[in-house]
file run20.cif (mmCIF, C-alpha atoms)
data_coords
#
loop_
_atom_site.group_PDB
_atom_site.id
_atom_site.type_symbol
_atom_site.label_atom_id
_atom_site.label_comp_id
_atom_site.auth_asym_id
_atom_site.auth_seq_id
_atom_site.Cartn_x
_atom_site.Cartn_y
_atom_site.Cartn_z
ATOM 1 C CA MET J 1 56.822 -63.758 37.613
ATOM 2 C CA ARG J 2 58.670 -65.818 34.967
ATOM 3 C CA GLN J 3 57.850 -63.179 32.372
ATOM 4 C CA ASN J 4 59.301 -60.431 34.570
ATOM 5 C CA SER J 5 62.433 -62.507 35.155
ATOM 6 C CA PHE J 6 62.782 -63.072 31.421
ATOM 7 C CA ILE J 7 62.419 -59.346 30.706
ATOM 8 C CA SER J 8 64.984 -58.534 33.418
ATOM 9 C CA ALA J 9 67.414 -61.018 31.908
ATOM 10 C CA ILE J 10 67.003 -59.502 28.457
ATOM 11 C CA THR J 11 67.473 -56.001 29.882
ATOM 12 C CA LEU J 12 70.658 -57.059 31.653
ATOM 13 C CA PHE J 13 71.953 -58.676 28.462
ATOM 14 C CA LEU J 14 71.355 -55.501 26.477
ATOM 15 C CA LEU J 15 73.116 -53.409 29.094
ATOM 16 C CA LEU J 16 76.100 -55.726 29.019
ATOM 17 C CA LEU J 17 76.141 -55.649 25.225
ATOM 18 C CA THR J 18 76.109 -51.837 25.282
ATOM 19 C CA SER J 19 78.972 -51.823 27.768
ATOM 20 C CA VAL J 20 81.024 -54.143 25.597
ATOM 21 C CA SER J 21 80.386 -51.999 22.509
ATOM 22 C CA PHE J 22 81.350 -48.856 24.384
ATOM 23 C CA ALA J 23 84.546 -50.463 25.640
ATOM 24 C CA ALA J 24 85.455 -51.524 22.120
ATOM 25 C CA ASP J 25 85.264 -47.904 21.048
ATOM 26 C CA SER J 26 87.310 -46.558 23.948
ATOM 27 C CA THR J 27 90.573 -44.758 23.261
ATOM 28 C CA ASP J 28 92.778 -47.632 24.437
ATOM 29 C CA GLN J 29 90.999 -50.052 22.103
ATOM 30 C CA TYR J 30 90.813 -48.151 18.847
ATOM 31 C CA ARG J 31 94.237 -46.481 18.867
ATOM 32 C CA GLY J 32 96.095 -49.155 16.937
ATOM 33 C CA LYS J 33 99.818 -49.684 16.748
ATOM 34 C CA VAL J 34 102.162 -49.558 13.778
ATOM 35 C CA THR J 35 105.246 -51.551 12.821
ATOM 36 C CA PHE J 36 108.162 -50.075 10.929
ATOM 37 C CA LYS J 37 111.883 -50.486 10.303
ATOM 38 C CA GLY J 38 114.292 -48.966 12.778
ATOM 39 C CA PRO J 39 117.562 -47.244 11.822
ATOM 40 C CA ASN J 40 119.455 -50.547 11.929
ATOM 41 C CA GLY J 41 116.900 -52.510 9.942
ATOM 42 C CA GLU J 42 115.221 -54.000 12.998
ATOM 43 C CA MET J 43 111.418 -54.094 13.132
ATOM 44 C CA MET J 44 109.900 -51.762 15.712
ATOM 45 C CA SER J 45 106.380 -51.600 17.112
ATOM 46 C CA GLY J 46 104.925 -48.314 18.225
ATOM 47 C CA VAL J 47 102.284 -45.645 17.736
ATOM 48 C CA ARG J 48 102.043 -43.417 14.664
ATOM 49 C CA CYS J 49 100.908 -40.354 16.593
ATOM 50 C CA GLY J 50 101.150 -39.270 20.223
ATOM 51 C CA VAL J 51 98.288 -36.782 20.018
ATOM 52 C CA VAL J 52 95.517 -37.644 22.467
ATOM 53 C CA ASP J 53 91.999 -37.585 21.042
ATOM 54 C CA VAL J 54 89.987 -35.241 23.239
ATOM 55 C CA SER J 55 86.535 -33.717 22.982
ATOM 56 C CA PRO J 56 86.598 -30.270 21.363
ATOM 57 C CA THR J 57 85.826 -27.160 23.365
ATOM 58 C CA LEU J 58 82.428 -25.567 22.759
ATOM 59 C CA GLU J 59 84.064 -22.928 20.571
ATOM 60 C CA VAL J 60 85.879 -25.526 18.483
ATOM 61 C CA LEU J 61 82.727 -27.626 18.201
ATOM 62 C CA LYS J 62 80.876 -24.554 16.936
ATOM 63 C CA GLY J 63 83.600 -24.040 14.348
ATOM 64 C CA MET J 64 83.334 -27.651 13.221
ATOM 65 C CA ARG J 65 79.614 -27.326 12.778
ATOM 66 C CA GLU J 66 80.131 -24.132 10.806
ATOM 67 C CA ALA J 67 82.794 -25.742 8.639
ATOM 68 C CA ALA J 68 80.568 -28.760 8.000
ATOM 69 C CA ARG J 69 77.765 -26.689 6.539
ATOM 70 C CA SER J 70 79.637 -23.761 4.988
ATOM 71 C CA LYS J 71 80.537 -23.814 1.320
ATOM 72 C CA THR J 72 82.449 -20.556 1.467
ATOM 73 C CA LEU J 73 84.951 -21.829 4.031
ATOM 74 C CA ALA J 74 85.678 -24.780 1.789
ATOM 75 C CA ILE J 75 87.547 -22.430 -0.540
ATOM 76 C CA ALA J 76 90.497 -21.437 1.623
ATOM 77 C CA ALA J 77 92.454 -18.293 0.880
ATOM 78 C CA ASN J 78 96.065 -18.763 -0.167
ATOM 79 C CA ILE J 79 97.740 -19.145 3.227
ATOM 80 C CA SER J 80 101.535 -19.149 3.092
ATOM 81 C CA ILE J 81 103.185 -20.829 6.083
ATOM 82 C CA PRO J 82 106.938 -20.437 6.743
ATOM 83 C CA VAL J 83 108.552 -23.579 8.168
ATOM 84 C CA ALA J 84 111.460 -23.653 10.612
ATOM 85 C CA PHE J 85 113.130 -27.082 10.722
ATOM 86 C CA HIS J 86 114.960 -27.931 13.919
ATOM 87 C CA VAL J 87 117.092 -31.069 13.565
ATOM 88 C CA ILE J 88 117.949 -32.636 16.923
ATOM 89 C CA THR J 89 120.776 -35.170 17.102
ATOM 90 C CA ASN J 90 122.528 -36.909 19.964
ATOM 91 C CA SER J 91 126.134 -36.135 20.858
ATOM 92 C CA GLN J 92 127.352 -38.743 18.330
ATOM 93 C CA GLY J 93 125.451 -37.077 15.506
ATOM 94 C CA ASP J 94 122.788 -39.780 15.192
ATOM 95 C CA GLY J 95 119.506 -38.447 13.847
ATOM 96 C CA ASN J 96 120.923 -35.945 11.393
ATOM 97 C CA VAL J 97 118.578 -35.026 8.533
ATOM 98 C CA PRO J 98 120.238 -33.628 5.384
ATOM 99 C CA LEU J 99 118.872 -30.595 3.585
ATOM 100 C CA SER J 100 117.787 -32.751 0.636
ATOM 101 C CA GLN J 101 115.346 -34.663 2.881
ATOM 102 C CA ILE J 102 114.120 -31.459 4.490
ATOM 103 C CA ASN J 103 113.356 -29.971 1.072
ATOM 104 C CA ALA J 104 111.614 -33.226 0.116
ATOM 105 C CA SER J 105 109.512 -32.940 3.298
ATOM 106 C CA ILE J 106 108.348 -29.483 2.226
ATOM 107 C CA ASP J 107 107.451 -30.894 -1.189
ATOM 108 C CA VAL J 108 105.357 -33.637 0.456
ATOM 109 C CA LEU J 109 103.517 -31.064 2.584
ATOM 110 C CA ASN J 110 102.711 -28.964 -0.457
ATOM 111 C CA ALA J 111 101.562 -31.979 -2.464
ATOM 112 C CA ALA J 112 99.002 -32.662 0.285
ATOM 113 C CA TYR J 113 97.933 -29.117 1.178
ATOM 114 C CA ASN J 114 98.277 -26.873 -1.892
ATOM 115 C CA GLU J 115 94.902 -27.814 -3.354
ATOM 116 C CA HIS J 116 93.331 -26.825 -0.032
ATOM 117 C CA GLY J 117 94.885 -23.366 -0.002
ATOM 118 C CA PHE J 118 97.920 -23.929 2.246
ATOM 119 C CA PHE J 119 101.444 -23.343 0.975
ATOM 120 C CA PHE J 120 104.536 -24.246 3.001
ATOM 121 C CA ASN J 121 107.929 -22.656 2.393
ATOM 122 C CA LEU J 122 111.203 -23.423 4.118
ATOM 123 C CA LEU J 123 112.312 -20.488 6.235
ATOM 124 C CA SER J 124 115.296 -21.891 8.138
ATOM 125 C CA VAL J 125 117.149 -25.019 9.237
ATOM 126 C CA ASP J 126 119.203 -25.469 12.403
ATOM 127 C CA THR J 127 120.881 -28.494 13.965
ATOM 128 C CA THR J 128 121.364 -29.039 17.695
ATOM 129 C CA ALA J 129 123.153 -31.888 19.463
ATOM 130 C CA ASN J 130 121.425 -32.564 22.780
ATOM 131 C CA ASN J 131 120.963 -36.036 24.226
ATOM 132 C CA ASN J 132 117.992 -35.068 26.412
ATOM 133 C CA TRP J 133 116.135 -33.332 23.591
ATOM 134 C CA TYR J 134 116.954 -36.134 21.143
ATOM 135 C CA THR J 135 114.819 -38.596 23.108
ATOM 136 C CA ALA J 136 112.256 -36.141 24.528
ATOM 137 C CA GLY J 137 108.688 -37.436 24.672
ATOM 138 C CA PRO J 138 105.338 -35.610 24.569
ATOM 139 C CA ASP J 139 104.683 -33.245 27.495
ATOM 140 C CA SER J 140 108.133 -33.845 28.957
ATOM 141 C CA ILE J 141 110.320 -31.173 30.531
ATOM 142 C CA ALA J 142 112.901 -31.887 27.836
ATOM 143 C CA GLU J 143 110.351 -31.168 25.101
ATOM 144 C CA GLN J 144 109.316 -27.917 26.769
ATOM 145 C CA ASN J 145 112.934 -26.796 27.118
ATOM 146 C CA MET J 146 113.746 -27.760 23.539
ATOM 147 C CA LYS J 147 110.879 -25.755 22.110
ATOM 148 C CA ALA J 148 111.437 -22.795 24.415
ATOM 149 C CA SER J 149 115.065 -22.639 23.278
ATOM 150 C CA LEU J 150 114.652 -23.230 19.554
ATOM 151 C CA ALA J 151 111.180 -22.064 18.457
ATOM 152 C CA ILE J 152 111.204 -19.289 15.879
ATOM 153 C CA ASP J 153 108.324 -16.794 15.919
ATOM 154 C CA PRO J 154 105.570 -19.400 16.594
ATOM 155 C CA ALA J 155 102.729 -17.018 15.705
ATOM 156 C CA ASN J 156 104.021 -16.670 12.147
ATOM 157 C CA THR J 157 106.025 -19.869 11.684
ATOM 158 C CA PHE J 158 105.399 -23.618 11.650
ATOM 159 C CA ASN J 159 108.131 -25.109 13.855
ATOM 160 C CA VAL J 160 109.084 -28.716 13.053
ATOM 161 C CA TYR J 161 111.425 -30.755 15.258
ATOM 162 C CA THR J 162 113.030 -34.009 14.127
ATOM 163 C CA SER J 163 114.389 -36.364 16.796
ATOM 164 C CA ASN J 164 114.257 -39.928 18.100
ATOM 165 C CA PRO J 165 111.668 -39.944 20.912
ATOM 166 C CA GLY J 166 111.784 -43.723 21.333
ATOM 167 C CA GLY J 167 109.006 -46.151 22.193
ATOM 168 C CA GLY J 168 108.127 -46.514 18.516
ATOM 169 C CA LEU J 169 106.530 -43.073 18.453
ATOM 170 C CA LEU J 170 106.482 -41.471 15.003
ATOM 171 C CA GLY J 171 105.314 -37.993 15.994
ATOM 172 C CA TRP J 172 102.983 -35.649 17.823
ATOM 173 C CA ALA J 173 101.619 -32.122 17.560
ATOM 174 C CA THR J 174 99.797 -29.357 19.397
ATOM 175 C CA PHE J 175 96.280 -28.295 18.431
ATOM 176 C CA PRO J 176 96.021 -24.588 17.514
ATOM 177 C CA TRP J 177 93.805 -23.806 20.516
ATOM 178 C CA TYR J 178 96.167 -25.371 23.080
ATOM 179 C CA TYR J 179 98.162 -22.168 23.632
ATOM 180 C CA PRO J 180 98.161 -18.500 22.566
ATOM 181 C CA GLU J 181 99.473 -18.343 19.005
ATOM 182 C CA SER J 182 102.818 -16.856 20.077
ATOM 183 C CA ASP J 183 103.563 -19.626 22.608
ATOM 184 C CA THR J 184 106.792 -21.518 21.932
ATOM 185 C CA GLN J 185 105.139 -24.891 22.626
ATOM 186 C CA HIS J 186 103.326 -24.851 19.286
ATOM 187 C CA GLY J 187 104.659 -27.046 16.507
ATOM 188 C CA VAL J 188 105.225 -30.725 15.754
ATOM 189 C CA VAL J 189 107.846 -33.328 16.575
ATOM 190 C CA ILE J 190 108.538 -36.212 14.183
ATOM 191 C CA LEU J 191 110.833 -39.210 14.111
ATOM 192 C CA TYR J 192 113.864 -38.218 12.045
ATOM 193 C CA SER J 193 113.727 -41.410 9.962
ATOM 194 C CA SER J 194 110.105 -40.766 8.868
ATOM 195 C CA VAL J 195 111.165 -38.078 6.384
ATOM 196 C CA PRO J 196 111.239 -38.948 2.659
ATOM 197 C CA GLY J 197 113.990 -41.475 2.061
ATOM 198 C CA GLY J 198 114.358 -42.271 5.758
ATOM 199 C CA SER J 199 114.600 -45.770 7.168
ATOM 200 C CA ALA J 200 111.184 -46.015 8.877
ATOM 201 C CA ILE J 201 109.560 -48.145 6.153
ATOM 202 C CA PRO J 202 106.569 -48.011 5.433
ATOM 203 C CA TYR J 203 106.376 -44.602 7.135
ATOM 204 C CA ASN J 204 109.289 -43.018 5.308
ATOM 205 C CA GLU J 205 107.596 -40.970 2.584
ATOM 206 C CA GLY J 206 107.065 -37.864 4.702
ATOM 207 C CA ASP J 207 103.412 -38.224 5.649
ATOM 208 C CA THR J 208 104.042 -38.377 9.383
ATOM 209 C CA LEU J 209 104.709 -34.656 8.990
ATOM 210 C CA THR J 210 101.585 -34.297 6.811
ATOM 211 C CA HIS J 211 99.533 -36.008 9.528
ATOM 212 C CA GLU J 212 100.958 -33.908 12.367
ATOM 213 C CA ALA J 213 100.514 -30.715 10.346
ATOM 214 C CA GLY J 214 96.827 -31.637 10.155
ATOM 215 C CA HIS J 215 96.657 -31.603 13.954
ATOM 216 C CA TYR J 216 98.591 -28.318 13.994
ATOM 217 C CA LEU J 217 95.833 -26.907 11.775
ATOM 218 C CA GLY J 218 93.063 -28.347 13.969
ATOM 219 C CA LEU J 219 92.094 -31.778 12.633
ATOM 220 C CA PHE J 220 91.316 -34.814 14.785
ATOM 221 C CA HIS J 221 92.035 -38.424 13.863
ATOM 222 C CA THR J 222 89.431 -39.905 11.540
ATOM 223 C CA PHE J 223 88.891 -42.738 14.032
ATOM 224 C CA GLN J 224 88.160 -40.419 16.964
ATOM 225 C CA GLY J 225 85.175 -41.790 18.880
ATOM 226 C CA GLY J 226 85.250 -45.087 17.014
ATOM 227 C CA CYS J 227 81.786 -45.933 15.676
ATOM 228 C CA ARG J 228 80.064 -43.605 18.119
ATOM 229 C CA ARG J 229 78.642 -40.447 16.613
ATOM 230 C CA PRO J 230 79.816 -37.742 16.065
ATOM 231 C CA GLY J 231 83.210 -39.394 15.522
ATOM 232 C CA ASP J 232 85.733 -36.742 14.481
ATOM 233 C CA TYR J 233 82.907 -34.152 14.321
ATOM 234 C CA LEU J 234 83.142 -33.768 10.540
ATOM 235 C CA PRO J 235 80.367 -35.533 8.587
ATOM 236 C CA ASP J 236 82.268 -36.338 5.391
ATOM 237 C CA THR J 237 84.895 -38.536 7.087
ATOM 238 C CA PRO J 238 83.227 -41.951 7.545
ATOM 239 C CA ALA J 239 83.320 -43.424 11.043
ATOM 240 C CA GLU J 240 85.815 -46.198 11.746
ATOM 241 C CA ARG J 241 86.090 -48.335 14.846
ATOM 242 C CA THR J 242 89.865 -48.766 14.614
ATOM 243 C CA SER J 243 92.817 -46.865 13.267
ATOM 244 C CA THR J 244 94.283 -48.351 10.101
ATOM 245 C CA SER J 245 97.533 -50.245 9.689
ATOM 246 C CA GLY J 246 98.802 -50.992 6.212
ATOM 247 C CA CYS J 247 96.370 -50.247 3.377
ATOM 248 C CA PRO J 248 93.406 -52.638 3.709
ATOM 249 C CA VAL J 249 91.124 -51.748 0.791
ATOM 250 C CA ASN J 250 87.410 -51.904 1.679
ATOM 251 C CA LYS J 251 88.117 -51.931 5.430
ATOM 252 C CA ASP J 252 84.698 -51.330 6.983
ATOM 253 C CA THR J 253 84.537 -51.409 10.773
ATOM 254 C CA CYS J 254 81.306 -49.521 11.499
ATOM 255 C CA PRO J 255 77.799 -50.800 10.720
ATOM 256 C CA TRP J 256 76.656 -47.650 8.943
ATOM 257 C CA GLY J 257 78.017 -45.200 6.407
ATOM 258 C CA ASP J 258 80.825 -45.679 3.919
ATOM 259 C CA VAL J 259 83.968 -47.791 4.152
ATOM 260 C CA ASP J 260 86.726 -46.577 6.479
ATOM 261 C CA PRO J 261 88.663 -43.502 5.282
ATOM 262 C CA ILE J 262 91.971 -45.351 4.987
ATOM 263 C CA HIS J 263 93.301 -42.887 2.389
ATOM 264 C CA ASN J 264 92.798 -39.885 4.650
ATOM 265 C CA PHE J 265 95.939 -38.234 6.001
ATOM 266 C CA MET J 266 94.436 -38.257 9.508
ATOM 267 C CA ASP J 267 94.287 -42.061 9.737
ATOM 268 C CA TYR J 268 97.296 -44.299 10.573
ATOM 269 C CA SER J 269 97.665 -45.985 7.177
ATOM 270 C CA ASP J 270 101.023 -46.536 5.463
ATOM 271 C CA ASP J 271 102.393 -43.379 3.863
ATOM 272 C CA ALA J 272 101.827 -44.752 0.363
ATOM 273 C CA CYS J 273 98.154 -45.356 1.201
ATOM 274 C CA MET J 274 97.296 -41.799 2.283
ATOM 275 C CA TYR J 275 96.524 -39.095 -0.242
ATOM 276 C CA GLU J 276 93.493 -37.001 0.725
ATOM 277 C CA PHE J 277 91.681 -34.547 2.959
ATOM 278 C CA THR J 278 87.923 -34.024 2.729
ATOM 279 C CA LEU J 279 86.013 -30.853 1.962
ATOM 280 C CA ASN J 280 84.922 -30.494 5.591
ATOM 281 C CA GLN J 281 88.489 -30.973 6.789
ATOM 282 C CA ARG J 282 89.619 -28.215 4.437
ATOM 283 C CA SER J 283 86.868 -25.948 5.732
ATOM 284 C CA PHE J 284 87.740 -26.561 9.345
ATOM 285 C CA MET J 285 91.476 -26.004 8.867
ATOM 286 C CA ASN J 286 90.645 -22.681 7.270
ATOM 287 C CA TRP J 287 88.316 -21.802 10.166
ATOM 288 C CA ALA J 288 90.932 -22.811 12.757
ATOM 289 C CA VAL J 289 93.638 -20.678 11.178
ATOM 290 C CA ASN J 290 91.348 -17.656 11.019
ATOM 291 C CA ARG J 291 90.311 -18.131 14.652
ATOM 292 C CA PHE J 292 93.469 -19.309 16.410
ATOM 293 C CA LYS J 293 96.381 -18.459 14.102
ATOM 294 C CA PRO J 294 95.429 -15.167 12.440
ATOM 295 C CA SER J 295 99.089 -14.116 12.214
ATOM 296 C CA LEU J 296 99.564 -16.766 9.511
ATOM 297 C CA LEU J 297 97.180 -14.698 7.378
ATOM 298 C CA THR J 298 99.459 -11.660 7.515
ATOM 299 C CA PRO J 299 101.659 -11.339 4.403
#
call {"tool": "encode", "arguments": {"input": "run20.cif", "output": "structure tokens"}}
result
Amino acid sequence: MRQNSFISAITLFLLLLTSVSFAADSTDQYRGKVTFKGPNGEMMSGVRCGVVDVSPTLEVLKGMREAARSKTLAIAANISIPVAFHVITNSQGDGNVPLSQINASIDVLNAAYNEHGFFFNLLSVDTTANNNWYTAGPDSIAEQNMKASLAIDPANTFNVYTSNPGGGLLGWATFPWYYPESDTQHGVVILYSSVPGGSAIPYNEGDTLTHEAGHYLGLFHTFQGGCRRPGDYLPDTPAERTSTSGCPVNKDTCPWGDVDPIHNFMDYSDDACMYEFTLNQRSFMNWAVNRFKPSLLTP
């Protein structure tokens, strides 16, 4: 009887331990926060990215598996992507982004993506003063109206919106399978002060746009799923229990595999810390464009 009670106690302990581990890997736990300078020099706390980590559809999962084992997809064709920049200000003109910073943003995108076969070129710039759009958040009516009014040829163009969404949010994006490729809701929204030379230190070197462009091309966060396999569904991005803040060299939050991928553009590290995509990420972006955004392949 004592032996059975002892075994039951051990079993209960293991179940509780499993529950605690699972909770530690839940979305609320491993989506860390970031701290950066606001436009007036004040320190702000928020979230680097408003994209919600969700499980891929069966079709997307199949594509990830294909990308993970295919060597041919790793060599992406030269894919030229026109970019339409939509600068949203309030009625006082706050949030304006000069052309010099927009051009610098394109340069940052190309520095990250050119070696993987993606080339961004500035197609157009427009500026709109609208108080509701200036502070629009993800999935809001204001965001939907803004995009419906301003989007330029979404099937063939990468639409980027700069604004001040508030709440310490640096940006968000739509995955390529969210909508038909011609839907106006495609594109990314970024905090206007996160562009190169902006005030959102240490997120002011342009890599918020690099990160959101990764989502636009199909990539998940590297910390998706925490330490639970399959993580972000791509085997060459090591698992990490938590998103990264700063640039903690040798950060290692999972008990197996390599150290955390703090230099990957799909983590939350400081802009200066991020500089790479993996081979599997390159393969999957190429697969996602071919499957969900074929119009980008048309010259």
call {"tool": "resolve_selection", "arguments": {"input": "run20.cif", "expression": "the PyMOL selection byres ((chain J and resi 132) around 10)", "output": "MDAnalysis selection string"}}
result
chainID J and resid 88:91 129:131 133:137 141:143 145:146 165
call {"tool": "resolve_selection", "arguments": {"input": "run20.cif", "expression": "the PyMOL selection byres ((chain J and resi 285) around 8)", "output": "PyMOL selection string"}}
result
chain J and resi 214+217-219+281-284+286-289
call {"tool": "residues_around", "arguments": {"input": "run20.cif", "residues": "Thr210 in chain J", "least_positions_apart": "6", "cutoff": "8 Å", "atoms": "only C-alpha atoms", "output": "NGL selection string"}}
result
:J and (108-109 or 112 or 265)
call {"tool": "atom_distance", "arguments": {"input": "run20.cif", "atom1": "CA of Tyr192 in chain J", "atom2": "CA of Val97 in chain J"}}
result
6.7 Å
call {"tool": "resolve_selection", "arguments": {"input": "run20.cif", "expression": "the PyMOL selection byres ((chain J and resi 292) around 8)", "output": "list in words"}}
result
Pro176, Trp177, Pro180, Glu181, Ala288, Val289, Asn290, Arg291, Lys293 and Pro294 of chain J
call {"tool": "residues_around", "arguments": {"input": "run20.cif", "residues": "Val34 in chain J", "least_positions_apart": "6", "cutoff": "8 Å", "atoms": "all atoms listed in the file", "output": "list of chain:residue names"}}
result
J:Ser45, J:Gly46, J:Val47, J:Arg48, J:Ser245, J:Tyr268
call {"tool": "atom_distance", "arguments": {"input": "run20.cif", "atom1": "CA of Thr157 in chain J", "atom2": "CA of Leu123 in chain J"}}
result
8.3 Å
call {"tool": "atom_distance", "arguments": {"input": "run20.cif", "atom1": "CA of Leu58 in chain J", "atom2": "CA of Asp232 in chain J"}}
result
14.3 Å
call {"tool": "residues_around", "arguments": {"input": "run20.cif", "residues": "Met274 in chain J", "least_positions_apart": "5", "cutoff": "10 Å", "atoms": "all atoms listed in the file", "output": "VMD selection string"}}
result
chain J and resid 112 207 210 to 211 247 261 to 269
call {"tool": "closest_residue", "arguments": {"input": "run20.cif", "among": "J:Gly246, J:Pro255, J:Pro235, J:Gly50", "to": "Asp139 in chain J", "atoms": "only C-alpha atoms"}}
result
J:Gly50
call {"tool": "residues_around", "arguments": {"input": "run20.cif", "residues": "Glu42 in chain J", "least_positions_apart": "2", "cutoff": "12 Å", "atoms": "only C-alpha atoms", "output": "PyMOL selection string"}}
result
chain J and resi 35-40+44-45+168+199-201
call {"tool": "residues_around", "arguments": {"input": "run20.cif", "residues": "Ser182 in chain J", "least_positions_apart": "6", "cutoff": "8 Å", "atoms": "all atoms listed in the file", "output": "list in words"}}
result
Asp153, Pro154 and Ala155 of chain J
call {"tool": "write_last_selection", "arguments": {"input": "run20.cif", "atoms": "C-alpha atoms", "output": "CSV table (one decimal), keeping the file's coordinate frame"}}
result
chain,number,residue,atom,x,y,z
J,153,ASP,CA,108.3,-16.8,15.9
J,154,PRO,CA,105.6,-19.4,16.6
J,155,ALA,CA,102.7,-17.0,15.7
call {"tool": "closest_residue", "arguments": {"input": "run20.cif", "among": "J:Asn78, J:Tyr113, J:Gly206, J:Val259", "to": "Ala272 in chain J", "atoms": "all atoms listed in the file"}}
result
J:Gly206
call {"tool": "closest_residue", "arguments": {"input": "run20.cif", "among": "J:Asn159, J:Gln101, J:Gln185, J:Ser80", "to": "Asn121 in chain J", "atoms": "all atoms listed in the file"}}
result
J:Ser80
call {"tool": "axis_aligned_box", "arguments": {"input": "run20.cif", "around": "range 48-53 of chain J", "padding_each_side": "4 Å", "output": "JSON"}}
result
{"center_x": 97.0, "center_y": -40.1, "center_z": 18.6, "size_x": 18.0, "size_y": 14.6, "size_z": 15.8}
call {"tool": "closest_residue", "arguments": {"input": "run20.cif", "among": "J:Val189, J:Pro196, J:Trp172, J:Val52", "to": "Asn103 in chain J", "atoms": "all atoms listed in the file"}}
result
J:Pro196
